[in-house]
$ cat upload-v6.txt   # compact mmCIF, C-alpha atoms
# COMPACT_ATOMS: atom_id res chain seq x y z
CA MET H 20 14.55 -24.69 -219.85
CA LYS H 21 13.23 -21.13 -220.27
CA LYS H 22 16.70 -19.81 -219.50
CA LEU H 23 18.25 -22.14 -222.07
CA LEU H 24 15.80 -21.19 -224.79
CA PHE H 25 16.27 -17.48 -224.08
CA PHE H 26 19.99 -17.94 -224.48
CA LEU H 27 19.62 -19.90 -227.70
CA LEU H 28 17.17 -17.44 -229.19
CA THR H 29 19.51 -14.49 -228.70
CA LEU H 30 22.38 -15.75 -230.82
CA PHE H 31 24.31 -13.00 -232.53
CA THR H 32 24.80 -12.53 -236.23
CA LEU H 33 28.43 -13.02 -237.26
CA GLY H 34 29.80 -11.47 -240.44
CA SER H 35 26.35 -10.99 -241.92
CA CYS H 36 26.21 -9.62 -245.44
CA SER H 37 22.73 -8.29 -244.72
CA GLN H 38 22.28 -5.88 -241.83
CA GLN H 39 19.60 -7.77 -239.94
CA PRO H 40 19.07 -7.81 -236.18
CA PRO H 41 19.85 -11.07 -234.33
CA GLN H 42 17.45 -13.76 -235.45
CA PRO H 43 16.11 -16.89 -233.76
CA PHE H 44 18.36 -19.82 -234.52
CA VAL H 45 17.20 -22.61 -232.24
CA GLU H 46 13.59 -23.17 -231.27
CA GLY H 47 11.18 -26.08 -231.25
CA LEU H 48 13.72 -28.54 -229.85
CA GLU H 49 11.14 -31.01 -228.58
CA ASP H 50 11.61 -33.14 -231.71
CA TYR H 51 15.39 -33.13 -231.33
CA PRO H 52 16.25 -34.59 -227.89
CA MET H 53 19.97 -35.05 -228.55
CA LEU H 54 20.29 -31.50 -229.84
CA GLN H 55 18.46 -30.32 -226.73
CA LEU H 56 20.75 -32.37 -224.47
CA VAL H 57 24.01 -31.14 -225.98
CA LEU H 58 23.03 -27.49 -226.29
CA GLY H 59 21.63 -27.57 -222.78
CA ASP H 60 25.06 -28.53 -221.38
CA SER H 61 27.35 -26.74 -223.80
CA ALA H 62 30.24 -26.57 -221.34
CA LYS H 63 30.35 -30.34 -220.88
CA TYR H 64 30.06 -31.09 -224.57
CA GLN H 65 32.23 -28.12 -225.63
CA VAL H 66 29.86 -27.58 -228.54
CA GLN H 67 30.39 -24.77 -231.03
CA ILE H 68 28.25 -24.15 -234.11
CA LEU H 69 28.43 -21.91 -237.18
CA TYR H 70 25.51 -21.80 -239.60
CA SER H 71 25.34 -19.64 -242.73
CA GLN H 72 22.14 -18.98 -244.59
CA ILE H 73 22.65 -18.35 -248.31
CA ASP H 74 20.59 -15.97 -250.40
CA ARG H 75 21.25 -15.06 -254.02
CA ASN H 76 21.19 -11.69 -255.72
CA GLU H 77 19.92 -11.10 -259.25
CA HIS H 78 23.26 -12.28 -260.66
CA GLY H 79 23.16 -15.53 -258.70
CA ASN H 80 25.96 -14.44 -256.38
CA PRO H 81 25.74 -15.69 -252.79
CA LEU H 82 24.97 -13.50 -249.77
CA PHE H 83 25.75 -15.04 -246.38
CA THR H 84 23.99 -14.43 -243.08
CA THR H 85 25.97 -16.31 -240.46
CA PHE H 86 24.89 -17.29 -236.95
CA SER H 87 26.97 -18.82 -234.19
CA PHE H 88 26.40 -20.74 -230.99
CA ASN H 89 29.00 -20.79 -228.20
CA LEU H 90 31.73 -19.78 -230.64
CA ASP H 91 35.17 -19.18 -229.14
CA ASP H 92 38.14 -19.52 -231.48
CA SER H 93 40.56 -19.20 -228.59
CA ARG H 94 39.19 -22.32 -226.88
CA TYR H 95 41.19 -25.33 -227.99
CA PHE H 96 39.74 -28.53 -229.37
CA TYR H 97 41.54 -31.20 -231.34
CA PRO H 98 40.67 -30.68 -235.02
CA ALA H 99 41.56 -34.22 -236.11
CA SER H 100 41.17 -34.81 -239.85
CA THR H 101 39.55 -31.47 -240.68
CA VAL H 102 43.07 -30.04 -241.17
CA LYS H 103 43.36 -32.20 -244.28
CA LEU H 104 41.04 -29.95 -246.27
CA PRO H 105 43.22 -26.80 -246.24
CA VAL H 106 46.30 -28.93 -246.96
CA VAL H 107 44.53 -30.42 -250.00
CA LEU H 108 43.71 -26.94 -251.28
CA LEU H 109 47.22 -25.65 -250.61
CA VAL H 110 48.75 -28.58 -252.49
CA MET H 111 46.59 -27.64 -255.48
CA GLU H 112 47.78 -24.05 -255.15
CA TRP H 113 51.40 -25.19 -254.85
CA LEU H 114 51.01 -27.32 -257.98
CA GLU H 115 49.84 -24.35 -260.01
CA GLU H 116 52.65 -22.16 -258.66
CA GLN H 117 55.34 -24.54 -259.94
CA GLN H 118 54.55 -24.12 -263.64
CA VAL H 119 56.69 -27.16 -264.45
CA PRO H 120 55.89 -28.88 -267.75
CA GLY H 121 54.52 -32.37 -267.17
CA LEU H 122 53.72 -31.77 -263.48
CA THR H 123 50.03 -32.52 -262.97
CA LEU H 124 47.68 -34.15 -260.48
CA GLU H 125 48.40 -37.51 -262.11
CA THR H 126 52.22 -37.25 -262.21
CA THR H 127 53.92 -40.01 -260.23
CA MET H 128 55.06 -38.67 -256.85
CA LEU H 129 57.82 -40.69 -255.14
CA ILE H 130 58.69 -40.00 -251.52
CA ASP H 131 62.03 -41.13 -250.10
CA SER H 132 63.30 -41.22 -246.52
CA VAL H 133 66.52 -39.91 -245.03
CA ARG H 134 65.76 -40.22 -241.30
CA PRO H 135 64.73 -43.19 -239.12
CA SER H 136 61.38 -41.50 -238.39
CA GLN H 137 60.50 -41.21 -242.09
CA LEU H 138 58.82 -43.74 -244.35
CA PRO H 139 59.21 -43.92 -248.12
CA ALA H 140 56.24 -44.13 -250.51
CA LEU H 141 57.30 -45.53 -253.87
CA SER H 142 54.11 -47.37 -254.83
CA ASP H 143 50.37 -47.32 -254.13
CA SER H 144 48.43 -50.54 -254.58
CA THR H 145 45.10 -48.68 -254.44
CA SER H 146 45.74 -46.62 -257.57
CA GLN H 147 44.95 -47.78 -261.09
CA ASN H 148 48.59 -47.80 -262.19
CA GLY H 149 50.00 -48.85 -258.81
CA LEU H 150 51.83 -45.55 -258.36
CA PRO H 151 51.24 -42.61 -255.98
CA SER H 152 50.25 -39.14 -257.16
CA ILE H 153 48.91 -35.92 -255.70
CA GLY H 154 45.51 -36.53 -257.26
CA HIS H 155 45.21 -40.03 -255.85
CA TYR H 156 46.21 -38.89 -252.38
CA ILE H 157 43.55 -36.17 -252.55
CA LYS H 158 40.89 -38.69 -253.54
CA LYS H 159 41.69 -40.87 -250.53
CA ILE H 160 41.68 -37.90 -248.18
CA LEU H 161 38.32 -36.54 -249.32
CA LEU H 162 36.58 -39.92 -249.72
CA VAL H 163 37.54 -41.68 -246.48
CA SER H 164 39.92 -39.29 -244.68
CA ASP H 165 43.04 -41.39 -245.27
CA ASN H 166 45.78 -40.42 -242.80
CA ASP H 167 48.78 -41.63 -244.78
CA ALA H 168 47.61 -39.68 -247.85
CA TYR H 169 47.47 -36.51 -245.75
CA ASN H 170 50.92 -37.19 -244.30
CA ARG H 171 52.39 -37.41 -247.82
CA LEU H 172 50.98 -34.02 -248.81
CA TYR H 173 52.16 -32.57 -245.49
CA GLU H 174 55.66 -33.87 -246.28
CA LEU H 175 55.54 -32.29 -249.72
CA LEU H 176 54.56 -28.80 -248.52
CA GLY H 177 56.19 -28.51 -245.11
CA THR H 178 54.85 -26.48 -242.22
CA ASP H 179 56.40 -23.14 -243.19
CA TYR H 180 54.51 -23.08 -246.49
CA ILE H 181 51.27 -24.34 -244.93
CA ASN H 182 51.13 -21.90 -242.03
CA GLN H 183 52.31 -18.89 -244.00
CA LYS H 184 49.66 -19.48 -246.66
CA LEU H 185 46.88 -19.89 -244.08
CA LYS H 186 47.73 -16.56 -242.49
CA GLU H 187 47.89 -14.82 -245.87
CA LYS H 188 44.32 -15.96 -246.49
CA GLY H 189 43.07 -14.58 -243.18
CA LEU H 190 42.88 -17.99 -241.50
CA VAL H 191 44.69 -16.77 -238.41
CA ASN H 192 43.34 -19.08 -235.72
CA SER H 193 45.03 -22.23 -236.96
CA VAL H 194 48.38 -23.99 -236.63
CA ILE H 195 49.22 -27.12 -238.63
CA THR H 196 52.32 -28.77 -237.29
CA GLN H 197 52.01 -32.57 -237.31
CA ARG H 198 51.47 -35.73 -239.30
CA LEU H 199 48.43 -37.78 -238.25
CA SER H 200 48.41 -41.24 -236.64
CA PHE H 201 52.19 -41.18 -236.84
CA PRO H 202 53.62 -40.83 -233.33
CA ILE H 203 56.89 -38.95 -233.65
CA SER H 204 58.36 -36.01 -231.77
CA ALA H 205 57.64 -32.37 -232.52
CA GLU H 206 61.21 -32.06 -233.81
CA GLU H 207 60.72 -34.93 -236.27
CA ASN H 208 57.46 -33.39 -237.47
CA ARG H 209 59.56 -30.40 -238.57
CA GLN H 210 61.59 -32.65 -240.88
CA PHE H 211 60.25 -33.35 -244.37
CA ASN H 212 61.08 -36.18 -246.75
CA PRO H 213 62.69 -35.67 -250.15
CA VAL H 214 60.22 -35.93 -253.03
CA ARG H 215 60.63 -36.75 -256.72
CA PHE H 216 58.10 -36.35 -259.53
CA VAL H 217 58.74 -38.55 -262.57
CA ASP H 218 57.02 -39.12 -265.90
CA ALA H 219 55.71 -42.44 -267.27
CA SER H 220 59.19 -43.47 -268.42
CA GLY H 221 60.75 -42.66 -265.04
CA LYS H 222 62.39 -39.44 -266.21
CA LEU H 223 62.75 -36.84 -263.47
CA ILE H 224 60.39 -33.85 -263.75
CA LEU H 225 60.93 -32.16 -260.39
CA GLU H 226 63.06 -33.00 -257.37
CA ILE H 227 62.58 -31.53 -253.89
CA PRO H 228 65.30 -32.25 -251.30
CA ALA H 229 64.80 -33.10 -247.66
CA ARG H 230 63.93 -29.97 -245.71
CA GLN H 231 63.52 -28.67 -242.18
CA ALA H 232 61.01 -26.07 -241.00
CA ASP H 233 62.50 -22.69 -240.16
CA SER H 234 59.97 -22.16 -237.37
CA ALA H 235 58.76 -24.29 -234.47
CA TYR H 236 54.98 -23.88 -234.45
CA VAL H 237 53.21 -24.09 -231.11
CA VAL H 238 49.51 -23.96 -230.28
CA PRO H 239 48.83 -20.72 -228.34
CA GLY H 240 48.23 -21.27 -224.65
CA TYR H 241 49.95 -24.68 -224.58
CA PRO H 242 46.61 -26.46 -224.10
CA LYS H 243 46.06 -29.67 -222.16
CA LEU H 244 42.90 -31.75 -222.40
CA GLY H 245 41.25 -34.35 -220.19
CA ARG H 246 41.90 -35.48 -216.65
CA ALA H 247 44.12 -38.43 -217.66
CA TYR H 248 45.37 -40.24 -220.74
CA TYR H 249 46.92 -43.51 -221.80
CA LYS H 250 50.44 -43.67 -223.21
CA ASN H 251 52.04 -47.02 -224.07
CA GLU H 252 49.26 -48.75 -222.10
CA ASN H 253 50.07 -46.72 -218.99
CA LEU H 254 47.46 -44.40 -217.45
CA ILE H 255 48.97 -41.00 -216.80
CA GLN H 256 47.11 -38.59 -214.53
CA GLY H 257 46.66 -35.00 -215.68
CA GLY H 258 45.80 -33.40 -218.97
CA MET H 259 47.31 -34.52 -222.24
CA ASP H 260 49.57 -31.90 -223.84
CA PHE H 261 48.39 -30.63 -227.25
CA SER H 262 50.94 -27.82 -227.60
CA TYR H 263 52.61 -29.41 -230.61
CA LYS H 264 49.53 -30.87 -232.23
CA ASN H 265 47.30 -29.19 -234.79
CA LYS H 266 44.85 -26.35 -234.17
CA PHE H 267 42.10 -25.46 -236.65
CA SER H 268 39.42 -23.15 -235.31
CA LEU H 269 35.75 -23.52 -236.18
CA THR H 270 35.72 -20.13 -237.90
CA ASP H 271 38.67 -21.14 -240.07
CA LEU H 272 37.12 -24.50 -241.00
CA HIS H 273 33.86 -22.78 -241.91
CA GLY H 274 35.80 -20.21 -243.91
CA VAL H 275 37.83 -22.81 -245.82
CA VAL H 276 34.64 -24.59 -246.93
CA GLN H 277 33.07 -21.28 -247.98
CA ARG H 278 36.21 -20.31 -249.93
CA THR H 279 36.10 -23.66 -251.71
CA ILE H 280 32.42 -23.45 -252.69
CA PHE H 281 32.16 -19.73 -253.43
CA PRO H 282 35.64 -18.25 -254.02
CA GLU H 283 34.02 -15.25 -255.68
CA ALA H 284 32.58 -14.21 -252.31
CA PHE H 285 36.09 -13.46 -250.99
CA VAL H 286 38.70 -10.91 -251.96
CA GLY H 287 41.55 -12.27 -254.04
CA MET H 288 44.14 -12.58 -251.27
CA GLU H 289 41.74 -14.65 -249.13
CA ARG H 290 41.01 -17.23 -251.82
CA PHE H 291 42.72 -20.49 -252.62
CA ASN H 292 44.16 -19.78 -256.06
CA LEU H 293 42.93 -22.79 -258.03
CA ASN H 294 42.03 -23.04 -261.66
CA GLU H 295 38.56 -24.31 -262.50
CA GLU H 296 39.74 -27.85 -263.28
CA HIS H 297 41.47 -28.24 -259.92
CA ARG H 298 38.62 -26.67 -257.98
CA ASN H 299 36.10 -28.99 -259.63
CA PHE H 300 38.34 -31.95 -258.79
CA VAL H 301 38.18 -30.99 -255.11
CA LEU H 302 34.43 -30.37 -255.19
CA LYS H 303 33.77 -33.69 -256.87
CA TYR H 304 35.62 -35.74 -254.28
CA MET H 305 34.43 -33.64 -251.34
CA SER H 306 30.89 -34.69 -252.25
CA MET H 307 31.46 -38.18 -253.64
CA LEU H 308 30.51 -41.24 -251.57
CA PRO H 309 32.98 -44.14 -251.18
CA ARG H 310 30.80 -46.55 -253.19
CA GLU H 311 30.85 -44.18 -256.16
CA ASN H 312 34.61 -44.43 -256.67
CA ASP H 313 36.55 -47.11 -258.56
CA TYR H 314 40.15 -46.45 -257.53
CA PRO H 315 40.38 -46.96 -254.65
CA ALA H 316 37.42 -49.33 -254.43
CA TYR H 317 36.01 -49.35 -250.89
CA ASP H 318 34.18 -52.05 -248.95
CA THR H 319 30.79 -50.45 -248.28
CA THR H 320 30.25 -52.47 -245.11
CA GLU H 321 33.06 -50.45 -243.59
CA PHE H 322 32.91 -47.31 -245.74
CA TYR H 323 29.15 -46.79 -245.97
CA ASP H 324 27.61 -43.62 -247.40
CA SER H 325 27.64 -41.65 -244.14
CA TYR H 326 31.12 -42.80 -243.10
CA SER H 327 32.37 -39.24 -243.49
CA LYS H 328 29.03 -37.40 -243.80
CA PHE H 329 27.95 -36.54 -240.25
CA ILE H 330 25.63 -33.60 -240.92
CA LYS H 331 22.05 -34.94 -241.21
CA PHE H 332 23.22 -38.47 -242.06
CA GLY H 333 25.44 -39.31 -239.08
CA THR H 334 23.31 -42.14 -237.69
CA GLU H 335 22.33 -43.69 -241.04
CA LYS H 336 24.09 -46.75 -242.46
CA GLY H 337 22.01 -47.04 -245.63
CA THR H 338 22.10 -45.28 -248.98
CA ILE H 339 21.94 -41.48 -249.09
CA SER H 340 19.45 -40.19 -251.64
CA PRO H 341 21.06 -38.62 -254.75
CA ARG H 342 18.92 -35.52 -254.22
CA PHE H 343 21.30 -34.57 -251.39
CA ARG H 344 24.98 -33.73 -251.54
CA LEU H 345 27.29 -32.69 -248.72
CA PHE H 346 30.58 -31.03 -249.70
CA ASN H 347 32.42 -31.42 -246.43
CA LYS H 348 35.29 -32.56 -244.28
CA THR H 349 34.90 -34.45 -241.01
CA GLY H 350 37.21 -35.23 -238.14
CA TRP H 351 36.98 -37.49 -235.14
CA SER H 352 39.63 -38.17 -232.50
CA TYR H 353 40.10 -38.06 -228.72
CA GLY H 354 36.31 -37.79 -228.33
CA HIS H 355 36.02 -34.77 -230.64
CA LEU H 356 33.66 -34.99 -233.61
CA LEU H 357 33.64 -32.27 -236.24
CA ASP H 358 32.00 -31.64 -239.55
CA GLY H 359 32.12 -28.60 -241.78
CA GLY H 360 30.18 -28.60 -244.99
CA TYR H 361 28.02 -27.10 -247.70
CA PHE H 362 24.69 -28.94 -247.89
CA VAL H 363 22.49 -28.97 -250.99
CA ASP H 364 19.12 -30.46 -251.87
CA PHE H 365 18.84 -30.47 -255.64
CA GLU H 366 15.07 -30.97 -255.61
CA THR H 367 14.10 -28.03 -253.40
CA GLY H 368 17.05 -25.68 -253.90
CA VAL H 369 17.95 -25.75 -250.21
CA GLU H 370 21.59 -24.83 -249.59
CA PHE H 371 23.44 -23.84 -246.42
CA PHE H 372 26.80 -23.99 -244.65
CA LEU H 373 27.01 -25.75 -241.30
CA THR H 374 30.09 -26.38 -239.15
CA ALA H 375 30.15 -27.81 -235.64
CA ILE H 376 32.30 -29.44 -232.97
CA VAL H 377 31.07 -31.67 -230.13
CA TYR H 378 33.13 -33.41 -227.45
CA ALA H 379 31.82 -36.84 -226.42
CA ASN H 380 34.19 -38.12 -223.75
CA GLU H 381 32.27 -38.81 -220.56
CA ASP H 382 35.17 -40.15 -218.48
CA GLN H 383 37.58 -37.38 -219.62
CA ILE H 384 40.27 -39.99 -220.29
CA LEU H 385 42.06 -39.77 -223.63
CA ASN H 386 43.35 -42.72 -225.65
CA ASP H 387 41.14 -45.24 -223.82
CA ASP H 388 38.93 -45.85 -226.90
CA ASN H 389 35.92 -45.17 -224.70
CA TYR H 390 34.11 -42.29 -226.37
CA GLU H 391 30.40 -41.65 -226.84
CA THR H 392 30.68 -41.31 -230.61
CA GLU H 393 27.66 -43.48 -231.43
CA LYS H 394 25.63 -42.46 -228.39
CA ILE H 395 26.18 -38.68 -228.43
CA GLY H 396 28.39 -37.42 -231.25
CA LEU H 397 26.77 -38.82 -234.39
CA PRO H 398 23.15 -38.40 -233.16
CA PHE H 399 23.99 -34.76 -232.38
CA PHE H 400 25.17 -34.13 -235.94
CA ALA H 401 22.23 -36.01 -237.43
CA GLN H 402 19.70 -33.96 -235.46
CA LEU H 403 21.53 -30.66 -235.95
CA GLY H 404 21.65 -31.21 -239.70
CA GLU H 405 18.00 -32.25 -239.85
CA TYR H 406 16.96 -29.29 -237.73
CA ILE H 407 18.74 -26.79 -239.99
CA TYR H 408 17.45 -28.54 -243.10
CA GLN H 409 13.85 -28.28 -241.89
CA ARG H 410 14.37 -24.58 -241.10
CA GLU H 411 15.73 -24.01 -244.58
CA LEU H 412 12.77 -25.80 -246.18
CA LYS H 413 10.44 -23.29 -244.52
CA ARG H 414 12.59 -20.23 -245.20
CA LYS H 415 11.27 -17.98 -247.96
CA LYS H 416 13.77 -16.97 -250.63
CA GLN H 417 13.31 -14.33 -253.29
CA LEU H 418 15.55 -16.17 -255.77
CA LEU H 419 16.28 -19.88 -255.93
CA PRO H 420 19.86 -20.94 -256.66
CA ASP H 421 21.08 -22.65 -259.80
CA LEU H 422 22.81 -25.71 -258.34
CA SER H 423 23.70 -27.31 -261.66
CA LYS H 424 27.40 -26.46 -261.29
CA PHE H 425 27.51 -28.69 -258.19
CA THR H 426 26.45 -31.81 -260.11
CA PHE H 427 29.27 -34.06 -261.26
CA ASP H 428 29.64 -37.35 -263.06
CA TRP H 429 29.69 -39.50 -259.97
$ encode --input "upload-v6.txt" --output "structure tokens"
Amino acid sequence: MKKLLFFLLTLFTLGSCSQQPPQPFVEGLEDYPMLQLVLGDSAKYQVQILYSQIDRNEHGNPLFTTFSFNLDDSRYFYPASTVKLPVVLLVMEWLEEQQVPGLTLETTMLIDSVRPSQLPALSDSTSQNGLPSIGHYIKKILLVSDNDAYNRLYELLGTDYINQKLKEKGLVNSVITQRLSFPISAEENRQFNPVRFVDASGKLILEIPARQADSAYVVPGYPKLGRAYYKNENLIQGGMDFSYKNKFSLTDLHGVVQRTIFPEAFVGMERFNLNEEHRNFVLKYMSMLPRENDYPAYDTTEFYDSYSKFIKFGTEKGTISPRFRLFNKTGWSYGHLLDGGYFVDFETGVEFFLTAIVYANEDQILNDDNYETEKIGLPFFAQLGEYIYQRELKRKKQLLPDLSKFTFDW
């Protein structure tokens, strides 16, 4: 235990805006047994953590002091639904680049199919008018991590646009190259459906033909995970190949959330170029709870408050107090659980960024639906979030933040 605590207490400062020596990050774990368990066997649980303290200068601008635990952006983990957040932001950026009259978040977006592996999307029963749109897809992604909604935005942008834009913004440890929960080949994932945007009368506003990616994107190192996996109900020995699946490093996820919350803290080329209306749209639905939305309307027995709010609230099934908001994106698949978010407490002025990955797959078999999500993964996030929150409550700040711009009409 002494060796573990020594290791935890000598975490390095990463990208700190204030030139401080390394500071204690983890201590007093006796009240957090799951946190102690996971951090004590970091290799088994493949845990990585990024935590950014936020201080404000006299102008209210944020200053970050970032700490990491076990961070290694070259070590592969499956990012699951966290890749949806940068795609949402890039779709907003794409929309503003078009400068087409009548093309907005609410414009009807019709997706056709020209290949057997493609599915059309000409209606959406969950929207108020029964028609799909970019804005409605974004709502479903940020509220409950809807896979089909992500796939439609992926089909609109294509992988060349997505990956080029990520690199331009300095997000260089990521590769987005697949639809989600849609088992098709790597070649078919490089094919993108034709898309039409039409006005209320059905008049064409913008038409995008079927396309193919110019590049075949591959995860560096051709990673394989696990000791065995199921495919078509057959157990196959050996690691599962993730070479043509998505990669989204912890540093990049942390950075995307920071760019969304505080774009002014980054140089222009690193930002997502969104106008204030579009950025506020994203922030609103990043923080909104499923029960607070009308279209779609969600069954709260399935989509409870913490359904996609792991940090601090992962083990709760009740109502989250309105004093707290978590602007975040989660992911969970193949035993990996991730959450990256900006946490605020409106009553005390506490604010911080926290991003983490934990792997809860005791038998190391993938696709067997036997993961320790409830036993290990969610309790880890609940205790990690509570631990950081309690640290922040005790941390002295010279200037308290004005959090009013993060309150929306929920």
$ closest_residue --input "upload-v6.txt" --among "H:Gln417, H:Thr426, H:Asn380, H:Thr334" --to "Gln65 in chain H" --atoms "all atoms listed in the file"
H:Asn380
$ axis_aligned_box --input "upload-v6.txt" --around "range 418-425 of chain H" --padding-each-side "4 Å" --output "AutoDock Vina command-line options"
--center_x 21.5 --center_y -22.4 --center_z -258.7 --size_x 20.0 --size_y 20.5 --size_z 13.9
$ residues_around --input "upload-v6.txt" --residues "range 284-301 of chain H" --least-positions-apart "4" --cutoff "8 Å" --atoms "only C-alpha atoms" --output "list in words"
Asn80, Pro81, Leu108, Leu109, Met111, Glu112, Glu115, Ile157, Glu187, Lys188, Gly189, Arg278, Thr279 and Met305 of chain H
$ residues_around --input "upload-v6.txt" --residues "range 255-264 of chain H" --least-positions-apart "4" --cutoff "9 Å" --atoms "all atoms listed in the file" --output "list in words"
Tyr95, Tyr97, Val194, Ile195, Thr196, Gln197, Arg198, Ser204, Ala205, Ala235, Tyr236, Val237, Val238, Pro239, Gly240, Tyr241, Pro242, Lys243, Leu244, Gly245, Arg246, Ala247, Tyr248, Tyr249, Lys250, Ile384 and Leu385 of chain H
$ closest_residue --input "upload-v6.txt" --among "H:Tyr180, H:Phe281, H:Phe365, H:Tyr169" --to "Phe201 in chain H" --atoms "only C-alpha atoms"
H:Tyr169
$ atom_distance --input "upload-v6.txt" --atom1 "CA of Glu391 in chain H" --atom2 "CA of Tyr64 in chain H"
10.8 Å
$ closest_residue --input "upload-v6.txt" --among "H:Ser352, H:Asn312, H:Ser152, H:Thr374" --to "Phe329 in chain H" --atoms "all atoms listed in the file"
H:Thr374
$ residues_near_point --input "upload-v6.txt" --point "(46.6, -39.4, -267.6)" --cutoff "12 Å" --atoms "all atoms listed in the file" --output "ChimeraX atom specification"
/H:121-127,147-148,152,154-155,218-219
$ residues_around --input "upload-v6.txt" --residues "Ser327 in chain H" --least-positions-apart "2" --cutoff "8 Å" --atoms "only C-alpha atoms" --output "count of residues only"
8
$ closest_residue --input "upload-v6.txt" --among "H:Lys158, H:Lys331, H:Lys394, H:Lys186" --to "Tyr304 in chain H" --atoms "all atoms listed in the file"
H:Lys158
$ decode --input "upload-v6.txt" --residues "range 276-295 of chain H" --atoms "N, CA and C atoms" --output "mmCIF file, in the first residue's frame"
data_model
loop_
_atom_site.group_PDB
_atom_site.id
_atom_site.type_symbol
_atom_site.label_atom_id
_atom_site.label_comp_id
_atom_site.auth_asym_id
_atom_site.auth_seq_id
_atom_site.Cartn_x
_atom_site.Cartn_y
_atom_site.Cartn_z
ATOM 1 N N VAL H 276 -13.729 18.036 -24.986
ATOM 2 C CA VAL H 276 -14.641 18.619 -24.000
ATOM 3 C C VAL H 276 -14.178 20.023 -23.617
ATOM 4 N N GLN H 277 -12.878 20.184 -23.386
ATOM 5 C CA GLN H 277 -12.359 21.506 -23.036
ATOM 6 C C GLN H 277 -12.597 22.516 -24.156
ATOM 7 N N ARG H 278 -12.400 22.117 -25.404
ATOM 8 C CA ARG H 278 -12.629 23.011 -26.536
ATOM 9 C C ARG H 278 -14.099 23.409 -26.647
ATOM 10 N N THR H 279 -14.976 22.508 -26.238
ATOM 11 C CA THR H 279 -16.409 22.790 -26.303
ATOM 12 C C THR H 279 -16.818 23.788 -25.224
ATOM 13 N N ILE H 280 -16.290 23.601 -24.021
ATOM 14 C CA ILE H 280 -16.679 24.443 -22.884
ATOM 15 C C ILE H 280 -15.992 25.795 -22.943
ATOM 16 N N PHE H 281 -14.697 25.793 -23.203
ATOM 17 C CA PHE H 281 -13.909 27.035 -23.197
ATOM 18 C C PHE H 281 -13.124 27.178 -24.495
ATOM 19 N N PRO H 282 -13.783 27.452 -25.615
ATOM 20 C CA PRO H 282 -13.036 27.590 -26.873
ATOM 21 C C PRO H 282 -12.008 28.705 -26.829
ATOM 22 N N GLU H 283 -12.263 29.711 -25.994
ATOM 23 C CA GLU H 283 -11.340 30.842 -25.918
ATOM 24 C C GLU H 283 -9.991 30.462 -25.317
ATOM 25 N N ALA H 284 -9.899 29.305 -24.691
ATOM 26 C CA ALA H 284 -8.643 28.859 -24.095
ATOM 27 C C ALA H 284 -7.714 28.204 -25.119
ATOM 28 N N PHE H 285 -8.167 28.101 -26.372
ATOM 29 C CA PHE H 285 -7.375 27.450 -27.415
ATOM 30 C C PHE H 285 -7.152 28.416 -28.572
ATOM 31 N N VAL H 286 -6.037 28.227 -29.267
ATOM 32 C CA VAL H 286 -5.779 29.050 -30.435
ATOM 33 C C VAL H 286 -6.805 28.708 -31.511
ATOM 34 N N GLY H 287 -7.006 29.635 -32.436
ATOM 35 C CA GLY H 287 -8.086 29.513 -33.399
ATOM 36 C C GLY H 287 -8.113 28.212 -34.166
ATOM 37 N N MET H 288 -6.963 27.733 -34.637
ATOM 38 C CA MET H 288 -6.932 26.532 -35.451
ATOM 39 C C MET H 288 -7.283 25.279 -34.657
ATOM 40 N N GLU H 289 -7.186 25.332 -33.336
ATOM 41 C CA GLU H 289 -7.505 24.166 -32.510
ATOM 42 C C GLU H 289 -8.977 24.107 -32.109
ATOM 43 N N ARG H 290 -9.707 25.158 -32.358
ATOM 44 C CA ARG H 290 -11.103 25.220 -31.916
ATOM 45 C C ARG H 290 -12.035 24.536 -32.916
ATOM 46 N N PHE H 291 -13.234 24.202 -32.435
ATOM 47 C CA PHE H 291 -14.332 23.865 -33.320
ATOM 48 C C PHE H 291 -15.026 25.189 -33.656
ATOM 49 N N ASN H 292 -15.102 25.498 -34.934
ATOM 50 C CA ASN H 292 -15.577 26.806 -35.362
ATOM 51 C C ASN H 292 -17.105 26.831 -35.396
ATOM 52 N N LEU H 293 -17.703 27.099 -34.245
ATOM 53 C CA LEU H 293 -19.150 27.142 -34.111
ATOM 54 C C LEU H 293 -19.589 28.542 -33.723
ATOM 55 N N ASN H 294 -20.713 28.974 -34.266
ATOM 56 C CA ASN H 294 -21.267 30.220 -33.772
ATOM 57 C C ASN H 294 -21.895 29.989 -32.395
ATOM 58 N N GLU H 295 -22.257 31.065 -31.733
ATOM 59 C CA GLU H 295 -22.723 30.949 -30.354
ATOM 60 C C GLU H 295 -24.009 30.146 -30.249
#
